[in-house]
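Structure file coords12.txt (compact mmCIF, C-alpha atoms and all ligand atoms) is printed below.
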```
# COMPACT_ATOMS: atom_id res chain seq x y z
CA MET A 1 158.33 182.22 78.30
CA LYS A 2 162.06 182.61 78.94
CA ILE A 3 164.16 179.91 80.60
CA THR A 4 167.74 180.68 81.54
CA ILE A 5 170.31 178.00 82.23
CA PHE A 6 173.59 178.60 84.04
CA GLY A 7 176.13 175.81 83.38
CA VAL A 8 175.15 174.22 80.09
CA GLY A 9 176.94 170.90 80.60
CA LEU A 10 175.53 167.39 80.92
CA ILE A 11 172.53 168.34 83.07
CA GLY A 12 172.03 171.97 81.99
CA GLY A 13 172.42 171.00 78.33
CA SER A 14 169.98 168.11 78.69
CA LEU A 15 167.40 170.40 80.31
CA ALA A 16 167.91 172.94 77.51
CA LEU A 17 167.25 170.24 74.93
CA CYS A 18 164.05 169.20 76.77
CA PHE A 19 162.73 172.78 76.81
CA LYS A 20 164.01 174.11 73.48
CA ASP A 21 161.18 172.94 71.30
CA ILE A 22 158.31 173.91 73.62
CA PRO A 23 156.17 176.34 71.61
CA GLY A 24 156.65 179.92 72.77
CA VAL A 25 159.73 179.16 74.87
CA THR A 26 163.13 180.81 74.55
CA VAL A 27 166.05 179.03 76.17
CA VAL A 28 169.05 181.16 77.07
CA GLY A 29 172.38 179.67 78.13
CA HIS A 30 174.99 181.41 80.24
CA SER A 31 178.68 180.75 80.64
CA PRO A 32 181.43 183.11 81.83
CA ASN A 33 183.50 181.70 78.99
CA GLU A 34 183.08 183.08 75.45
CA LYS A 35 184.14 179.79 73.85
CA SER A 36 181.48 177.83 75.79
CA VAL A 37 178.86 180.36 74.70
CA GLN A 38 179.84 179.74 71.07
CA THR A 39 179.78 175.96 71.57
CA MET A 40 176.25 175.94 72.97
CA LEU A 41 175.08 178.06 70.03
CA ASP A 42 176.94 175.95 67.46
CA LYS A 43 175.41 172.79 68.87
CA GLY A 44 171.95 174.33 68.80
CA VAL A 45 171.33 173.45 72.45
CA VAL A 46 169.97 176.94 73.28
CA HIS A 47 168.30 179.74 71.32
CA HIS A 48 170.54 182.46 72.74
CA ALA A 49 173.70 182.45 74.83
CA THR A 50 175.65 185.12 76.64
CA THR A 51 178.51 185.74 79.05
CA SER A 52 176.48 188.46 80.75
CA MET A 53 174.55 187.37 83.83
CA SER A 54 172.23 190.36 83.80
CA GLU A 55 171.38 189.87 80.14
CA ALA A 56 170.81 186.15 80.72
CA VAL A 57 168.28 186.66 83.53
CA ARG A 58 166.48 189.75 82.19
CA GLU A 59 162.74 188.94 82.06
CA ALA A 60 163.44 185.22 82.74
CA ASP A 61 160.49 183.20 84.07
CA PHE A 62 162.65 180.26 85.17
CA ILE A 63 166.33 180.12 86.06
CA PHE A 64 168.13 176.78 86.33
CA LEU A 65 171.46 176.66 88.15
CA CYS A 66 173.36 173.69 86.70
CA VAL A 67 176.89 174.49 87.87
CA PRO A 68 179.04 172.42 90.28
CA VAL A 69 177.66 172.25 93.83
CA SER A 70 180.34 174.55 95.27
CA MET A 71 179.26 177.34 92.88
CA LEU A 72 175.53 177.24 93.60
CA GLU A 73 175.47 179.65 96.54
CA THR A 74 177.66 182.20 94.74
CA TYR A 75 175.40 182.12 91.71
CA LEU A 76 172.23 182.35 93.75
CA GLU A 77 173.55 185.31 95.70
CA GLN A 78 174.75 187.11 92.55
CA LEU A 79 171.38 186.56 90.89
CA THR A 80 169.52 188.13 93.73
CA GLN A 81 171.53 191.36 93.24
CA LEU A 82 170.19 191.61 89.67
CA PRO A 83 166.79 192.91 88.60
CA LEU A 84 164.69 189.75 88.14
CA LYS A 85 161.19 189.43 86.77
CA SER A 86 158.56 189.42 89.47
CA GLY A 87 157.46 185.85 90.20
CA CYS A 88 160.65 184.39 88.69
CA ILE A 89 161.33 180.81 89.82
CA ILE A 90 164.94 179.87 90.50
CA THR A 91 165.85 176.22 90.83
CA ASP A 92 169.08 174.21 90.89
CA VAL A 93 170.04 170.65 89.94
CA GLY A 94 172.76 170.06 92.53
CA SER A 95 173.25 166.53 93.82
CA THR A 96 172.97 167.74 97.42
CA LYS A 97 170.04 169.70 98.72
CA ALA A 98 170.37 170.67 102.40
CA SER A 99 172.98 173.44 102.16
CA ILE A 100 171.46 175.25 99.17
CA ALA A 101 167.97 175.08 100.72
CA GLU A 102 169.31 176.62 103.93
CA PHE A 103 171.21 179.30 102.01
CA ALA A 104 168.17 180.22 99.91
CA LYS A 105 166.02 180.50 103.04
CA GLN A 106 168.43 183.03 104.54
CA LEU A 107 168.30 185.23 101.44
CA LYS A 108 164.67 186.10 102.25
CA LEU A 109 163.74 186.55 98.60
CA GLU A 110 160.77 188.73 97.78
CA ASP A 111 158.51 187.87 94.88
CA ILE A 112 161.22 185.51 93.62
CA TYR A 113 160.98 181.85 94.53
CA PHE A 114 163.76 179.33 95.03
CA ILE A 115 162.85 175.66 94.79
CA GLY A 116 165.71 173.16 95.12
CA GLY A 117 165.79 170.37 92.57
CA HIS A 118 167.74 167.25 91.72
CA PRO A 119 167.09 165.11 88.65
CA MET A 120 167.99 161.58 89.70
CA ALA A 121 169.51 160.79 86.35
CA GLY A 122 172.90 161.40 84.92
CA SER A 123 175.93 159.52 83.83
CA GLU A 124 179.66 159.23 84.31
CA ARG A 125 180.05 161.47 81.27
CA SER A 126 180.06 165.24 81.53
CA GLY A 127 179.91 168.36 79.41
CA ILE A 128 177.56 169.59 76.72
CA GLU A 129 178.69 166.80 74.37
CA ALA A 130 177.03 164.25 76.65
CA ALA A 131 173.72 166.16 76.90
CA SER A 132 170.55 164.48 75.66
CA TYR A 133 166.84 165.25 75.73
CA LEU A 134 166.31 161.62 76.80
CA LEU A 135 168.46 161.81 79.91
CA PHE A 136 165.64 162.27 82.43
CA GLU A 137 163.02 160.06 80.85
CA ASN A 138 161.36 157.91 83.52
CA ALA A 139 163.79 159.05 86.20
CA TYR A 140 162.71 160.67 89.46
CA TYR A 141 163.13 164.44 89.69
CA VAL A 142 163.34 165.53 93.32
CA LEU A 143 162.02 168.95 94.34
CA THR A 144 162.54 170.29 97.86
CA PRO A 145 159.96 173.04 98.41
CA ASP A 146 159.34 174.00 102.03
CA SER A 147 156.19 175.16 103.78
CA SER A 148 156.85 178.78 102.73
CA THR A 149 157.03 177.99 98.99
CA PRO A 150 153.81 179.08 97.27
CA ILE A 151 152.01 176.11 95.81
CA ASP A 152 151.53 178.02 92.57
CA ALA A 153 155.31 178.29 92.09
CA VAL A 154 155.74 174.56 92.76
CA ASN A 155 152.98 173.78 90.26
CA GLN A 156 154.52 176.01 87.60
CA LEU A 157 157.91 174.31 87.94
CA THR A 158 156.32 170.85 88.00
CA GLU A 159 154.37 171.68 84.85
CA LEU A 160 157.56 172.77 83.08
CA LEU A 161 159.44 169.66 84.21
CA LYS A 162 156.84 167.48 82.49
CA TRP A 163 158.86 168.18 79.34
CA THR A 164 161.74 166.18 80.80
CA ARG A 165 159.44 163.14 81.08
CA ALA A 166 160.74 162.61 84.59
CA GLN A 167 158.55 161.91 87.60
CA VAL A 168 158.56 164.79 90.06
CA ILE A 169 158.59 163.94 93.77
CA HIS A 170 158.98 166.12 96.86
CA VAL A 171 161.56 165.21 99.48
CA ASP A 172 162.82 167.08 102.52
CA PRO A 173 166.42 168.29 101.85
CA ASP A 174 168.05 166.47 104.81
CA ARG A 175 166.26 163.26 104.01
CA HIS A 176 167.33 163.67 100.37
CA ASP A 177 171.00 164.03 101.31
CA GLN A 178 170.86 161.01 103.60
CA ILE A 179 169.27 158.73 101.00
CA VAL A 180 171.13 160.02 97.95
CA GLY A 181 174.36 159.87 99.99
CA ALA A 182 173.75 156.15 100.44
CA ILE A 183 172.56 155.21 96.96
CA SER A 184 174.73 157.52 94.84
CA HIS A 185 177.55 159.27 96.68
CA LEU A 186 178.80 156.25 98.68
CA PRO A 187 178.84 154.00 95.57
CA HIS A 188 180.94 156.60 93.75
CA ILE A 189 183.51 156.54 96.59
CA ILE A 190 183.54 152.75 96.64
CA ALA A 191 183.97 152.55 92.85
CA VAL A 192 186.89 154.98 92.90
CA ALA A 193 188.57 153.26 95.86
CA LEU A 194 188.19 149.86 94.18
CA VAL A 195 189.64 151.04 90.86
CA ASN A 196 192.53 152.71 92.66
CA GLN A 197 193.25 149.58 94.71
CA ILE A 198 193.57 147.60 91.48
CA CYS A 199 195.54 150.45 89.86
CA ASP A 200 198.14 150.15 92.63
CA TYR A 201 198.43 146.35 92.14
CA HIS A 202 198.70 146.93 88.42
CA GLU A 203 201.85 148.99 88.85
CA GLN A 204 203.62 145.82 90.00
CA GLU A 205 201.82 143.43 87.65
CA PRO A 206 200.45 144.59 84.29
CA LEU A 207 198.18 141.58 83.91
CA TYR A 208 195.62 143.22 86.26
CA LYS A 209 194.40 145.61 83.60
CA SER A 210 194.32 142.96 80.90
CA LEU A 211 192.20 140.61 82.96
CA ALA A 212 189.89 143.33 84.31
CA ALA A 213 187.03 142.58 81.95
CA GLY A 214 183.21 142.85 82.01
CA GLY A 215 182.28 142.59 85.69
CA PHE A 216 184.97 144.94 86.95
CA ARG A 217 184.16 147.53 84.31
CA ASP A 218 180.45 147.28 85.01
CA ILE A 219 180.61 147.86 88.73
CA THR A 220 183.21 150.61 88.43
CA ARG A 221 181.60 152.60 85.56
CA ILE A 222 180.82 155.51 87.84
CA ALA A 223 184.50 155.79 88.85
CA SER A 224 184.92 157.61 85.49
CA SER A 225 182.74 160.51 86.72
CA ASP A 226 183.95 164.09 86.62
CA PRO A 227 186.49 164.79 89.43
CA VAL A 228 185.41 168.39 90.08
CA ILE A 229 181.68 167.68 90.13
CA TRP A 230 182.25 164.80 92.56
CA ARG A 231 184.80 166.62 94.74
CA ASP A 232 182.09 169.20 95.40
CA ILE A 233 179.30 166.69 96.03
CA LEU A 234 181.34 164.61 98.49
CA ILE A 235 182.65 167.57 100.47
CA ASN A 236 179.19 169.10 100.61
CA ASN A 237 177.67 165.88 101.96
CA LYS A 238 180.64 165.08 104.21
CA LYS A 239 178.72 164.60 107.45
CA VAL A 240 176.36 162.04 105.96
CA LEU A 241 179.15 160.29 104.07
CA LEU A 242 181.41 159.89 107.08
CA GLU A 243 178.65 158.00 108.84
CA LEU A 244 177.87 155.91 105.77
CA LEU A 245 181.57 155.04 105.41
CA SER A 246 181.66 153.95 109.00
CA ASN A 247 178.72 151.62 108.29
CA TRP A 248 180.52 150.45 105.17
CA ASN A 249 183.54 149.53 107.29
CA ASP A 250 181.21 147.43 109.45
CA GLN A 251 179.88 145.61 106.37
CA ILE A 252 183.42 144.87 105.20
CA SER A 253 184.45 143.74 108.70
CA ASP A 254 181.54 141.30 108.65
CA PHE A 255 182.88 139.85 105.42
CA VAL A 256 186.39 139.63 106.90
CA GLN A 257 184.94 137.65 109.80
CA LEU A 258 182.96 135.34 107.51
CA LEU A 259 186.13 134.60 105.54
CA GLU A 260 188.31 134.13 108.61
CA ASP A 261 185.75 131.63 109.91
CA SER A 262 185.34 130.04 106.44
CA ASN A 263 181.65 130.57 107.14
CA GLY A 264 180.12 129.42 103.84
CA ASP A 265 176.55 129.57 105.13
CA GLY A 266 177.08 133.15 106.25
CA ILE A 267 178.47 134.15 102.85
CA GLU A 268 175.48 132.53 101.14
CA VAL A 269 173.13 134.46 103.40
CA GLN A 270 174.84 137.71 102.39
CA PHE A 271 174.52 136.96 98.67
CA LYS A 272 170.88 135.80 99.03
CA LYS A 273 169.94 138.97 100.92
CA ALA A 274 171.62 141.17 98.28
CA ASN A 275 170.05 139.21 95.40
CA GLN A 276 166.61 139.57 96.92
CA PHE A 277 166.85 143.32 97.57
CA ARG A 278 168.39 144.06 94.18
CA LYS A 279 165.63 142.18 92.38
CA GLY A 280 163.15 144.67 93.79
CA ILE A 281 164.92 147.73 92.38
CA ARG A 282 162.94 148.71 89.34
CA GLU A 283 164.66 149.39 86.04
CA ARG A 284 163.13 152.69 85.15
CA ARG A 285 165.24 154.39 82.57
CA LYS A 286 164.18 154.27 79.00
CA GLY A 287 166.46 157.00 77.68
CA ILE A 288 170.06 156.89 76.61
CA ILE A 289 171.14 155.01 79.69
CA ALA A 290 168.45 152.44 79.24
CA PRO A 291 168.94 149.00 80.70
CA GLN A 292 171.35 147.14 78.49
CA TYR A 293 171.20 143.54 77.51
CA ASP A 294 174.75 142.40 76.87
CA ILE A 295 176.09 139.38 75.12
CA TYR A 296 179.78 138.43 74.85
CA LEU A 297 181.42 136.90 71.81
CA ASP A 298 184.81 135.26 71.46
CA ILE A 299 186.09 136.75 68.24
CA PRO A 300 189.00 135.70 66.05
CA ASP A 301 191.90 138.10 65.66
CA HIS A 302 191.43 139.23 62.10
CA PRO A 303 190.45 142.56 60.56
CA GLY A 304 186.85 143.20 59.61
CA VAL A 305 185.28 140.80 62.07
CA ILE A 306 183.37 143.50 63.97
CA GLY A 307 182.08 144.99 60.73
CA ALA A 308 180.88 141.57 59.62
CA ILE A 309 179.00 141.02 62.90
CA ALA A 310 177.37 144.47 62.75
CA THR A 311 176.35 143.90 59.11
CA GLU A 312 174.86 140.51 59.89
CA LEU A 313 172.79 141.95 62.75
CA GLY A 314 171.70 144.84 60.53
CA ASN A 315 170.67 142.46 57.76
CA HIS A 316 168.37 140.77 60.24
CA GLN A 317 166.96 144.09 61.55
CA ILE A 318 168.47 143.52 65.00
CA ASN A 319 169.26 146.90 66.56
CA LEU A 320 172.62 147.08 68.24
CA SER A 321 173.06 149.83 70.86
CA ASN A 322 176.78 149.44 71.56
CA VAL A 323 179.86 147.43 70.62
CA GLU A 324 182.95 147.16 72.74
CA ILE A 325 186.15 145.19 72.31
CA ILE A 326 186.97 144.19 75.83
CA GLU A 327 190.10 142.19 75.11
CA SER A 328 192.09 142.09 71.94
CA ARG A 329 195.63 140.79 71.64
CA GLU A 330 197.53 139.55 68.66
CA GLN A 331 197.21 135.82 67.96
CA VAL A 332 194.65 135.40 70.73
CA PRO A 333 190.86 135.44 70.34
CA GLY A 334 189.33 138.65 71.68
CA ILE A 335 186.13 139.26 73.57
CA CYS A 336 183.53 141.58 72.15
CA ARG A 337 180.56 142.89 74.08
CA LEU A 338 177.40 143.60 72.09
CA SER A 339 174.70 145.60 73.87
CA PHE A 340 171.01 145.71 73.00
CA ARG A 341 168.05 147.73 74.23
CA SER A 342 165.77 144.75 74.71
CA SER A 343 166.17 141.18 75.85
CA ASP A 344 164.38 140.09 72.66
CA ALA A 345 167.04 141.73 70.50
CA ALA A 346 169.80 140.11 72.58
CA ASP A 347 168.10 136.69 72.23
CA GLN A 348 167.76 137.11 68.46
CA ALA A 349 171.44 138.06 68.23
CA ILE A 350 172.47 134.95 70.17
CA GLU A 351 170.33 132.81 67.88
CA LEU A 352 171.92 134.37 64.81
CA LEU A 353 175.55 134.42 65.90
CA GLN A 354 176.00 131.24 67.90
CA SER A 355 176.65 129.06 64.87
CA LYS A 356 179.72 131.15 64.00
CA TYR A 357 180.98 132.42 67.35
CA SER A 358 181.16 131.26 70.89
CA VAL A 359 178.49 133.42 72.61
CA HIS A 360 178.08 133.99 76.36
CA GLN A 361 175.62 135.91 78.46
CA LEU A 362 176.65 136.79 82.02
N1 LIG B 401 176.64 164.27 86.54
C1 LIG B 401 175.48 163.79 86.89
O1 LIG B 401 175.18 162.65 86.57
C2 LIG B 401 174.53 164.65 87.68
C3 LIG B 401 174.92 165.89 88.14
N2 LIG B 401 174.04 166.66 88.85
C4 LIG B 401 174.43 167.99 89.31
O2 LIG B 401 174.37 168.83 88.17
C5 LIG B 401 175.32 169.88 88.27
C6 LIG B 401 176.12 169.94 87.00
O3 LIG B 401 176.76 168.71 86.79
P1 LIG B 401 177.06 168.16 85.32
O4 LIG B 401 176.08 168.69 84.35
O5 LIG B 401 177.24 166.70 85.46
O6 LIG B 401 178.48 168.79 85.08
P2 LIG B 401 179.14 169.31 83.73
O7 LIG B 401 180.58 169.42 84.01
O8 LIG B 401 178.70 168.50 82.57
O9 LIG B 401 178.51 170.76 83.59
C7 LIG B 401 178.81 171.78 84.49
C8 LIG B 401 178.66 173.10 83.79
O10 LIG B 401 179.01 174.14 84.69
C9 LIG B 401 180.03 174.94 84.12
N3 LIG B 401 180.96 175.33 85.17
C10 LIG B 401 181.88 174.59 85.80
N4 LIG B 401 182.52 175.31 86.71
C11 LIG B 401 182.01 176.54 86.64
C12 LIG B 401 182.27 177.74 87.32
N5 LIG B 401 183.20 177.79 88.26
N6 LIG B 401 181.53 178.82 87.00
C13 LIG B 401 180.60 178.75 86.05
N7 LIG B 401 180.31 177.66 85.36
C14 LIG B 401 181.01 176.56 85.67
C15 LIG B 401 180.73 174.08 83.09
O11 LIG B 401 181.31 174.85 82.08
C16 LIG B 401 179.56 173.24 82.58
O12 LIG B 401 178.86 173.94 81.58
C17 LIG B 401 176.14 169.60 89.52
O13 LIG B 401 175.69 170.44 90.54
C18 LIG B 401 175.83 168.15 89.83
O14 LIG B 401 175.91 167.90 91.20
C19 LIG B 401 172.74 166.26 89.07
C20 LIG B 401 172.30 165.05 88.61
C21 LIG B 401 173.18 164.13 87.89
O1 LIG B 402 175.46 157.25 86.23
C1 LIG B 402 174.93 156.94 87.29
O2 LIG B 402 174.57 155.78 87.55
C2 LIG B 402 174.66 157.97 88.30
O3 LIG B 402 174.81 157.73 89.47
C3 LIG B 402 174.14 159.26 87.78
C4 LIG B 402 173.92 160.33 88.78
C5 LIG B 402 175.00 161.08 89.21
C6 LIG B 402 174.80 162.13 90.09
C7 LIG B 402 173.52 162.41 90.54
O4 LIG B 402 173.34 163.42 91.39
C8 LIG B 402 172.44 161.66 90.12
C9 LIG B 402 172.65 160.62 89.22
```
Just give me the structure of the file as structure tokens.
Ligand SMILES: NC(=O)C1=CN([C@@H]2O[C@H](COP(=O)(O)OP(=O)(O)OC[C@H]3O[C@@H](n4cnc5c(N)ncnc54)[C@H](O)[C@@H]3O)[C@@H](O)[C@H]2O)C=CC1
Ligand SMILES: O=C(O)C(=O)Cc1ccc(O)cc1
Amino acid sequence: MKITIFGVGLIGGSLALCFKDIPGVTVVGHSPNEKSVQTMLDKGVVHHATTSMSEAVREADFIFLCVPVSMLETYLEQLTQLPLKSGCIITDVGSTKASIAEFAKQLKLEDIYFIGGHPMAGSERSGIEAASYLLFENAYYVLTPDSSTPIDAVNQLTELLKWTRAQVIHVDPDRHDQIVGAISHLPHIIAVALVNQICDYHEQEPLYKSLAAGGFRDITRIASSDPVIWRDILINNKKVLLELLSNWNDQISDFVQLLEDSNGDGIEVQFKKANQFRKGIRERRKGIIAPQYDIYLDIPDHPGVIGAIATELGNHQINLSNVEIIESREQVPGICRLSFRSSDAADQAIELLQSKYSVHQL
């Protein structure tokens, strides 16, 4: 079986890694750029790679389009001009689904099937360097077949996607864009706007960045996402987003009113409602962006302290997943965030370290 991937970055590269070791499968990567072709080969993400579209798709059983949203239609159209294997299934991973579904319908493909797709997993990182075979584990993987898509083609794609360890679900493209607009695209806008608001204050007062610790970084993580990928997603889903932003303005106006009225009960109601809803959102990722259990340590300002902490945890078989110095200034104790994959590991670390350091959990 031959699987061809256009755009071997975070998502395309992660899919390639999921499929690469399936017995009897050849994964071919495409990039218009010779250097990118060499990188994907050097990293061993694909079996073969080429700058030639026709060579990439020759005899391919599956074609994955993993390029930015604004490039999807161009790629799909160009592919359909090439000789493709009869029964070939083309899918994409774009974060919006309505426009590409509509475009594919108008192409009136014969004996070639397009099924829109969107793995609901990713990260603020991008590029082949960030790719991982664990990226999709336990995430939802949306497919958007319509009534004209042969069930056999849907089944074949679903069977292949089992190798990602994601859970495949079917969603109508418009409904997808509405929901994903609200739970992914809107939060990205809010994160960027919030960071930029603080960035502007910071120009007048450098203490903003110094004091912007854990909470601010956590809720604005996605503001570090790739500008081009997100430019395309937001413009593509503009209609939905403009309505969502209008609703967002209403939410903020409600808060303004609560504050103007010093309405403490009303503010409590807002927090209780949010707490309750958020509790019900299941943690489902087990892969590289697994839920993290963080603890914070006040650490003295002397060299070697981080190494000593890591060694101590290692000596007690406590697996650390990440270490970050959040604040470090000369003569002042710093704050270090230690992340763990399980709450047990975090608890053991607290137990071990609290006699030597001041430990907090938010
Ligand atoms: N970033 C994320 O967390 C997620 C992204 N997606 C979707 O996946 C697609 C790819 O996004 P990522 O993998 O995050 O981006 P990426 O930047 O890591 O990878 C994009 C790939 O496309 C190539 N590319 C960029 N512009 C191109 C062009 N004009 N012509 C040909 N190739 C080009 C790049 O070289 C790279 O290999 C996008 O459509 C995005 O909406 C879907 C789920 C999650
Ligand atoms: O990193 C995160 O939390 C994300 O929001 C990842 C993400 C980004 C884009 C998508 O289309 C789907 C998932």
A:Glu124 surroundings by all atoms listed in the file, 10 Å radius, close-in-sequence under 6 positions cut, as a list in words: Leu10, Ala130, His188, Arg221, Ile222, Ala223, Ser224, Ser225 and Asp226 of chain A
Those same residues - C-alpha atoms - I'd like them written as a PDB file, in the coordinates of the input.
```pdb
ATOM      1  CA  LEU A  10     175.530 167.390  80.920  1.00  0.00           C
ATOM      2  CA  ALA A 130     177.030 164.250  76.650  1.00  0.00           C
ATOM      3  CA  HIS A 188     180.940 156.600  93.750  1.00  0.00           C
ATOM      4  CA  ARG A 221     181.600 152.600  85.560  1.00  0.00           C
ATOM      5  CA  ILE A 222     180.820 155.510  87.840  1.00  0.00           C
ATOM      6  CA  ALA A 223     184.500 155.790  88.850  1.00  0.00           C
ATOM      7  CA  SER A 224     184.920 157.610  85.490  1.00  0.00           C
ATOM      8  CA  SER A 225     182.740 160.510  86.720  1.00  0.00           C
ATOM      9  CA  ASP A 226     183.950 164.090  86.620  1.00  0.00           C
TER      10      ASP A 226
END
```
For atom O7 of ligand LIG 401 (chain B) and atom CA of A:Ser70, the interatomic separation in Å (one decimal): 12.4 Å
Nearest to ligand LIG 402 (chain B) by atom-to-atom distance, counting only C-alpha atoms and all ligand atoms, from A:Ala16, A:Ile198, A:Cys66, A:Leu320: A:Cys66
Shortest interatomic distance to ligand LIG 402 (chain B) - which of A:Ser31, A:Ser126, A:Thr149, A:Ser339, counting only C-alpha atoms and all ligand atoms: A:Ser126
Shell around A:Thr50 at 8 Å using only C-alpha atoms, local window under 6 positions removed, as a ChimeraX atom specification: /A:28-31,34,37,56
